[in-house]
Amino acid sequence: MFIKPGEKVGQRDHETMADFTTRIEKAAVFRSLENLMTFPFVQAPAERGELQLHGAYFGVAEGSLSVLDQATKEFRSVRGQVGE
């Protein structure tokens, strides 16, 4: 589902340019969180429960906000959850 480091990324068959762009943008969020955990000053407090990392994706064109569920590795819309 997500793009691996060094992987060449291309548009999939029948994937629109908008969907392709969204897919690689979300993959960048996921990869950034993984990268942060390679730093000892982030990893140690995260493992002790003193620091929590969260990933979010804001779709500017649609005005949508999604947060990354790290257990399922899927982005979930926060529609109706913010400022109810």
# chains A, B, ... in the order shown; residues from 1 in each chain; ligands from 1
$ residues_around --residues "Val42 in chain A" --least-positions-apart "6" --cutoff "12 Å" --atoms "only C-alpha atoms" --output "list in words"
Leu33, Glu34, Asn35, Leu36, Arg48, Gly49, Glu50, Leu51, Gln52 and Leu53 of chain A
$ write_last_selection --atoms "C-alpha atoms" --output "PDB file, in the first residue's frame"
ATOM      1  CA  LEU A  33       6.634   9.271  10.812  1.00  0.00           C
ATOM      2  CA  GLU A  34       8.782   6.198  10.228  1.00  0.00           C
ATOM      3  CA  ASN A  35      11.812   8.415   9.670  1.00  0.00           C
ATOM      4  CA  LEU A  36      11.198  10.349  12.897  1.00  0.00           C
ATOM      5  CA  ARG A  48       8.074   5.192  27.007  1.00  0.00           C
ATOM      6  CA  GLY A  49       4.697   6.722  26.149  1.00  0.00           C
ATOM      7  CA  GLU A  50       5.932  10.250  26.833  1.00  0.00           C
ATOM      8  CA  LEU A  51       5.626  11.323  23.192  1.00  0.00           C
ATOM      9  CA  GLN A  52       2.976  10.483  20.625  1.00  0.00           C
ATOM     10  CA  LEU A  53       3.451  11.016  16.908  1.00  0.00           C
TER      11      LEU A  53
END
$ select_by_dssp --residues "chain A" --states "alpha helix (DSSP H)" --output "list in words"
Met17, Ala18, Asp19, Phe20, Thr21, Thr22, Arg23, Ile24, Glu25, Lys26, Ala27, Ala28, Val29, Phe30, Arg31, Ser32, Leu33, Glu34, Asn35, Leu36, Pro40, Phe41, Val42, Gln43, Ala44, Pro45, Ala46 and Glu47 of chain A
$ atom_distance --atom1 "CA of Ser64 in chain A" --atom2 "CA of Val29 in chain A"
15.4 Å
$ closest_residue --among "A:Thr22, A:Thr38, A:Ser32, A:Gln43" --to "Glu62 in chain A" --atoms "only C-alpha atoms"
A:Thr22
$ select_by_dssp --residues "chain A" --states "strand (DSSP E or B)" --output "NGL selection string"
:A and (56-59 or 64-69 or 74-77)
$ closest_residue --among "A:Phe30, A:Gly10, A:Phe41, A:Tyr57" --to "Gln70 in chain A" --atoms "only C-alpha atoms"
A:Phe30
$ atom_distance --atom1 "CA of Gly55 in chain A" --atom2 "CA of Val67 in chain A"
5.8 Å
$ decode --residues "range 2-80 of chain A" --atoms "C-alpha atoms" --output "mmCIF file, in the first residue's frame"
data_model
loop_
_atom_site.group_PDB
_atom_site.id
_atom_site.type_symbol
_atom_site.label_atom_id
_atom_site.label_comp_id
_atom_site.auth_asym_id
_atom_site.auth_seq_id
_atom_site.Cartn_x
_atom_site.Cartn_y
_atom_site.Cartn_z
ATOM 1 C CA PHE A 2 2.669 2.489 0.971
ATOM 2 C CA ILE A 3 5.718 3.442 -1.003
ATOM 3 C CA LYS A 4 8.996 1.903 0.129
ATOM 4 C CA PRO A 5 12.240 3.917 0.341
ATOM 5 C CA GLY A 6 13.968 3.967 -3.024
ATOM 6 C CA GLU A 7 10.908 2.580 -4.800
ATOM 7 C CA LYS A 8 10.224 4.107 -8.202
ATOM 8 C CA VAL A 9 6.669 5.367 -8.161
ATOM 9 C CA GLY A 10 4.444 5.660 -11.154
ATOM 10 C CA GLN A 11 0.845 6.243 -11.882
ATOM 11 C CA ARG A 12 -1.155 3.002 -11.741
ATOM 12 C CA ASP A 13 -3.371 1.798 -14.576
ATOM 13 C CA HIS A 14 -6.737 3.597 -14.446
ATOM 14 C CA GLU A 15 -5.485 5.893 -11.634
ATOM 15 C CA THR A 16 -6.239 9.554 -12.159
ATOM 16 C CA MET A 17 -3.474 12.100 -11.671
ATOM 17 C CA ALA A 18 -5.371 13.454 -8.646
ATOM 18 C CA ASP A 19 -5.550 9.987 -7.051
ATOM 19 C CA PHE A 20 -1.874 9.367 -7.822
ATOM 20 C CA THR A 21 -0.888 12.673 -6.239
ATOM 21 C CA THR A 22 -2.961 11.966 -3.127
ATOM 22 C CA ARG A 23 -1.466 8.475 -2.815
ATOM 23 C CA ILE A 24 2.132 9.708 -2.865
ATOM 24 C CA GLU A 25 1.355 12.644 -0.553
ATOM 25 C CA LYS A 26 -0.145 10.278 2.033
ATOM 26 C CA ALA A 27 2.806 7.930 1.612
ATOM 27 C CA ALA A 28 5.126 10.839 2.414
ATOM 28 C CA VAL A 29 3.288 11.429 5.710
ATOM 29 C CA PHE A 30 3.626 7.763 6.636
ATOM 30 C CA ARG A 31 7.309 7.688 5.646
ATOM 31 C CA SER A 32 8.011 10.876 7.645
ATOM 32 C CA LEU A 33 6.634 9.271 10.812
ATOM 33 C CA GLU A 34 8.782 6.198 10.228
ATOM 34 C CA ASN A 35 11.812 8.415 9.670
ATOM 35 C CA LEU A 36 11.198 10.349 12.897
ATOM 36 C CA MET A 37 11.356 7.079 14.839
ATOM 37 C CA THR A 38 14.951 6.563 13.660
ATOM 38 C CA PHE A 39 16.088 9.431 15.890
ATOM 39 C CA PRO A 40 16.898 8.257 19.436
ATOM 40 C CA PHE A 41 15.622 11.505 20.968
ATOM 41 C CA VAL A 42 12.224 10.775 19.384
ATOM 42 C CA GLN A 43 12.182 6.990 19.630
ATOM 43 C CA ALA A 44 13.008 6.738 23.354
ATOM 44 C CA PRO A 45 10.234 9.019 24.672
ATOM 45 C CA ALA A 46 7.775 7.548 22.141
ATOM 46 C CA GLU A 47 8.490 4.039 23.386
ATOM 47 C CA ARG A 48 8.074 5.192 27.007
ATOM 48 C CA GLY A 49 4.697 6.722 26.149
ATOM 49 C CA GLU A 50 5.932 10.250 26.833
ATOM 50 C CA LEU A 51 5.626 11.323 23.192
ATOM 51 C CA GLN A 52 2.976 10.483 20.625
ATOM 52 C CA LEU A 53 3.451 11.016 16.908
ATOM 53 C CA HIS A 54 0.467 11.604 14.670
ATOM 54 C CA GLY A 55 0.196 11.881 10.914
ATOM 55 C CA ALA A 56 -2.408 13.963 9.152
ATOM 56 C CA TYR A 57 -3.279 14.757 5.560
ATOM 57 C CA PHE A 58 -5.102 17.915 4.526
ATOM 58 C CA GLY A 59 -6.697 17.797 1.095
ATOM 59 C CA VAL A 60 -6.619 21.467 0.200
ATOM 60 C CA ALA A 61 -8.799 21.159 -2.906
ATOM 61 C CA GLU A 62 -11.570 19.388 -1.004
ATOM 62 C CA GLY A 63 -11.008 20.975 2.383
ATOM 63 C CA SER A 64 -10.743 17.508 3.913
ATOM 64 C CA LEU A 65 -8.684 16.377 6.881
ATOM 65 C CA SER A 66 -7.643 12.779 7.522
ATOM 66 C CA VAL A 67 -5.514 11.308 10.275
ATOM 67 C CA LEU A 68 -3.348 8.234 9.991
ATOM 68 C CA ASP A 69 -4.471 5.225 11.992
ATOM 69 C CA GLN A 70 -1.071 3.663 12.622
ATOM 70 C CA ALA A 71 -2.580 0.283 13.548
ATOM 71 C CA THR A 72 -4.315 -0.152 10.190
ATOM 72 C CA LYS A 73 -1.985 2.166 8.209
ATOM 73 C CA GLU A 74 -5.044 3.863 6.727
ATOM 74 C CA PHE A 75 -6.090 7.485 6.711
ATOM 75 C CA ARG A 76 -9.469 8.134 8.312
ATOM 76 C CA SER A 77 -11.532 11.226 7.703
ATOM 77 C CA VAL A 78 -12.208 13.455 10.692
ATOM 78 C CA ARG A 79 -15.342 14.825 9.033
ATOM 79 C CA GLY A 80 -17.918 15.544 11.697
#
